[in-house]
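Let me begin by presenting the structure, written as structure tokens, before commenting on it.
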Amino acid sequence: MSSINRRHRRTACTGLALLPLVALAACGGGSGTDASADAGSGKGTISVWAHQGQKSEDAAVQAAVKSFNSSQSDIKVELKLIPGNDYTKTITATSASELPDVMEFDGPTMANFVYNKKLAPVDDYVSAKTMSNATDASKSQGAIGGKHYGLGMYDSGLGIYGNKKLLDAAGVKYPTSLSDDWTAEQFTAALKALKAKDSDGKTLDIQEGNGLATEWGTYGFAPVVWSAGGSLIKGDKAEGALDTPAVVSALKTVQSWKTYVDPNTDGNAFAKDRVALSWVGHWMYPTYSKALGDDLVVLPLPDFGNGPKTGQGSWAWGIGADTKNAKAAGTFMDYLLNDANVTAMTTANGAPPATKTALAASPLYKEGGPLQLFADQLAKPCGDSDITKSCVAVTRPVTAGYPTITAKFSEALNSIYGGADPKSALEKAARAIDQDFSDNAGYKIP
């Protein structure tokens with residue numbers, strides 16, 4: 001993807017809808033009972049909404065709809081593409097009765113839509129084959145209270161891209177798999193060693209140009225919190241989870257890295273050999289691979305004590321709570337999530353497939369593929385609460401209060417990166433999150 005698609009890379013490819021999440025925090029209402037769609041006849045016309053992103057993704061969705069409509073005569077899908085920057089705001093502003101039968105949504109927004117009775121469980125309407133073929137990581141993002149409200153065609157993951165030529169020149173030994181990942185101290189030592197061989201001392205890219213007080217800040221650096229043994233929230237409380245001494249220490253370490261960071265205002269710091277390391281996600285592989293060729297290596301994020309961690313999750317598909325034809329909606333979702341369509345979509349956007357069969361066959365992500373690391377990480381899902389040392393891929397908190405969590409954490413991260421005291425910034429964020437949860441009865445979804 002070219003640099004003009006940088007903003008899109010943060011949204012469609014990784015599930016990072018930066019602006020709309022904050023708008024969700026103002027959603028009122030709440031779920032008194034679980035929304036339950038009407039099964040209907042399983043025939044007729046159904047409406048489908050999807051976000052309009054990069055052209056290759058749009059084409060993949062359009063081709064899937066066209067193929068589905070021509071493959072049978074019982075169901076006709078009418079597809080509506082809505083610009084990605086407006087998509088979440090559109091769902092938020094639309095009453096449940098006016099939403100489509102099937103809709104795409106950005107993963108972290110799901111719980112809020114369930115809370116506001118805009119999504120129904122899909123368990124009774126997609127086939128057992130479709131559900132069993134979904135990766136565990138994908139199912140973790142889409143589950144609340146033992147029910148599944150969404151399934152994705154693709155997932156996401158974080159890592160560190162390295163320039164082998166520059167690493168070797170500095171004498172830096174780097175990890176080759178999850179099993180020999182850097183500790184935070186080793187990563188800092190690598191930055192120092194690289195600085196000694198670098199003309200301006202800038203050896204690291206963290207996509208600073210995307211802004212840290214955004215969803216990128218949460219997606220990109222919540223793994224530091226999890227790797228330090230903390231959480232963005234535990235139960236209904238951020239205090240005692242987000243602001244622990246270990247998390248404070250970890251973010252103080254991140255703060256110390258600023259001296260090594262290239263602001264990357266042109267987006268080419270890594271591709272043009274200005275830095276040896278880039279902390280980012282799977283979506284940069286096409287650009288970096290083209291630029292570096294055999295000098296490109298893919299590494300896990302450093303371990304702050306609780307094992308290396310990565311974010312995961314992306315856009316997913318669900319059934320509108322007020323649909324009168326959930327059977328037909330489920331039939332379309334089964335088709336959308338088959339190998340042909342998942343492979344077409346992930347070929348278009350380079351993301352890891354969110355189904356087991358497509359992931360195993362992916363040239364990029366299969367065993368021995370250049371991005372096997374991302375598949376290995378997703379094969380060890382944590383969910384959003386049981387974050388142990390042995391799991392790796394963590395789902396962002398599945399709660400209707402997520403907009404507040406991400407807003408307050410990313411604000412704290414940005415201020416810490418700018419020089420603020422980590423302990424004070426994290427305690428302030430935890431208090432604000434806890435107050436919001438208290439004001440909204442914990443955003444409980446029965």
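Going through the structure tokens in order, the chains are called A, B, and so on, while each chain numbers its residues from 1 and the ligands are numbered from 1 in the order shown.
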Which residues of stretch 310-358 of chain A come within 12 Å of stretch 222-227 of chain A, and for each one, what is the closest pair of atoms and their distance in Å to one decimal, counting only C-alpha atoms, sorted by chain and residue number, as JSON lines?
```
{"residue": "A:Thr310", "atom": "CA", "partner": "A:Pro223", "partner_atom": "CA", "distance": 5.3}
{"residue": "A:Gly311", "atom": "CA", "partner": "A:Pro223", "partner_atom": "CA", "distance": 6.3}
{"residue": "A:Gln312", "atom": "CA", "partner": "A:Pro223", "partner_atom": "CA", "distance": 10.0}
```
Quick one: contact table of stretch 367-420 of chain A to stretch 133-143 of chain A, 8 Å max, nearest atom pair and distance in Å to one decimal per residue, counting only C-alpha atoms, chain and number order, as a Markdown table?
```
| residue | atom | partner | partner_atom | distance |
| --- | --- | --- | --- | --- |
| A:Leu378 | CA | A:Ala137 | CA | 6.0 |
| A:Ala379 | CA | A:Ala137 | CA | 7.3 |
| A:Lys380 | CA | A:Ala137 | CA | 7.9 |
| A:Pro381 | CA | A:Ala137 | CA | 5.2 |
| A:Cys382 | CA | A:Ala137 | CA | 7.8 |
| A:Gly383 | CA | A:Ser140 | CA | 5.2 |
| A:Asp384 | CA | A:Ser140 | CA | 7.6 |
| A:Ala393 | CA | A:Ala137 | CA | 7.2 |
| A:Thr395 | CA | A:Gln141 | CA | 5.9 |
| A:Arg396 | CA | A:Gln141 | CA | 7.7 |
| A:Val398 | CA | A:Gln141 | CA | 7.0 |
```
Atoms kept (N, CA and C atoms) for selection, written as an mmCIF file, in the first residue's frame:
```cif
data_model
loop_
_atom_site.group_PDB
_atom_site.id
_atom_site.type_symbol
_atom_site.label_atom_id
_atom_site.label_comp_id
_atom_site.auth_asym_id
_atom_site.auth_seq_id
_atom_site.Cartn_x
_atom_site.Cartn_y
_atom_site.Cartn_z
ATOM 1 N N LEU A 378 -1.262 -15.395 16.698
ATOM 2 C CA LEU A 378 -2.713 -15.554 16.724
ATOM 3 C C LEU A 378 -3.120 -16.951 17.177
ATOM 4 N N ALA A 379 -2.220 -17.918 17.033
ATOM 5 C CA ALA A 379 -2.506 -19.286 17.467
ATOM 6 C C ALA A 379 -2.442 -19.427 18.987
ATOM 7 N N LYS A 380 -2.017 -18.347 19.668
ATOM 8 C CA LYS A 380 -1.965 -18.353 21.129
ATOM 9 C C LYS A 380 -2.807 -17.195 21.669
ATOM 10 N N PRO A 381 -4.147 -17.284 21.483
ATOM 11 C CA PRO A 381 -5.008 -16.168 21.892
ATOM 12 C C PRO A 381 -5.213 -16.111 23.401
ATOM 13 N N CYS A 382 -5.326 -14.896 23.916
ATOM 14 C CA CYS A 382 -5.560 -14.680 25.340
ATOM 15 C C CYS A 382 -7.029 -14.361 25.628
ATOM 16 N N GLY A 383 -7.793 -13.960 24.592
ATOM 17 C CA GLY A 383 -9.058 -13.313 24.885
ATOM 18 C C GLY A 383 -8.776 -11.927 25.431
ATOM 19 N N ASP A 384 -9.740 -11.363 26.146
ATOM 20 C CA ASP A 384 -9.534 -9.997 26.647
ATOM 21 C C ASP A 384 -9.336 -9.928 28.156
ATOM 22 N N ALA A 393 -1.752 -13.267 21.718
ATOM 23 C CA ALA A 393 -2.647 -12.323 21.027
ATOM 24 C C ALA A 393 -3.799 -11.916 21.932
ATOM 25 N N THR A 395 -7.139 -9.638 22.838
ATOM 26 C CA THR A 395 -8.273 -8.892 22.294
ATOM 27 C C THR A 395 -8.469 -7.615 23.109
ATOM 28 N N ARG A 396 -8.659 -6.505 22.443
ATOM 29 C CA ARG A 396 -8.970 -5.278 23.171
ATOM 30 C C ARG A 396 -10.251 -5.472 23.976
ATOM 31 N N VAL A 398 -13.564 -6.255 25.476
ATOM 32 C CA VAL A 398 -14.880 -6.384 24.843
ATOM 33 C C VAL A 398 -15.910 -5.829 25.809
#
```
Residue contacts of A:Ala429 (9 Å, only C-alpha atoms) excluding same-chain residues fewer than 2 positions away, as a PyMOL selection string: chain A and resi 238-239+242-243+405+407-409+411-412+424-427+431-434
Between atom CA of A:Gly152 and atom CA of A:Leu336, distance in Å (one decimal): 9.7 Å
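Taking atom CA of A:Phe113 and atom CA of A:Ser314 as the two end points, the separation is 15.4 Å.
Proximity to A:Val342 was assessed for A:Lys66, A:Asp168, A:Met153, A:Leu204 counting only C-alpha atoms; the smallest distance is recorded for A:Met153.
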Secondary structure check, strand (DSSP E or B) residues of stretch 64-219 of chain A, as a ChimeraX atom specification: /A:75-83,102-106,119-120,134,143-144,147-148,151,154,158-163,183,204-205
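Residues in contact with A:Pro286 at 10 Å, where only C-alpha atoms are counted and same-chain residues fewer than 2 positions away are skipped, are listed as A:Met1, A:Ser2, A:His282, A:Trp283, A:Met284, A:Tyr288, A:Ser289, A:Lys290, A:Ala291, A:Asn349, A:Gly350.
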Option closest in space to A:Thr90, from A:Tyr125, A:Trp49, A:Tyr285, A:Tyr417 [counting only C-alpha atoms]: A:Trp49
Test item, alpha helix (DSSP H) assignment across stretch 102-333 of chain A, answer as a VMD selection string: chain A and resid 110 to 115 128 to 133 136 to 141 164 to 169 184 to 195 215 to 227 245 to 256 285 to 292 326 to 333
Neighbour list for A:Asp124 as a PyMOL selection string, cut-off 9 Å, only C-alpha atoms, skip fewer than 5 positions in-chain: chain A and resi 39+326-327+330
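In this model, the gap between atom CA of A:Ser390 and atom CA of A:Val298 comes to 20.2 Å.
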Close residues, stretch 40-47 of chain A itself excluded, 8 Å, only C-alpha atoms, min 6 positions apart in chain, as a PyMOL selection string: chain A and resi 74-80+100-102+324-329+331
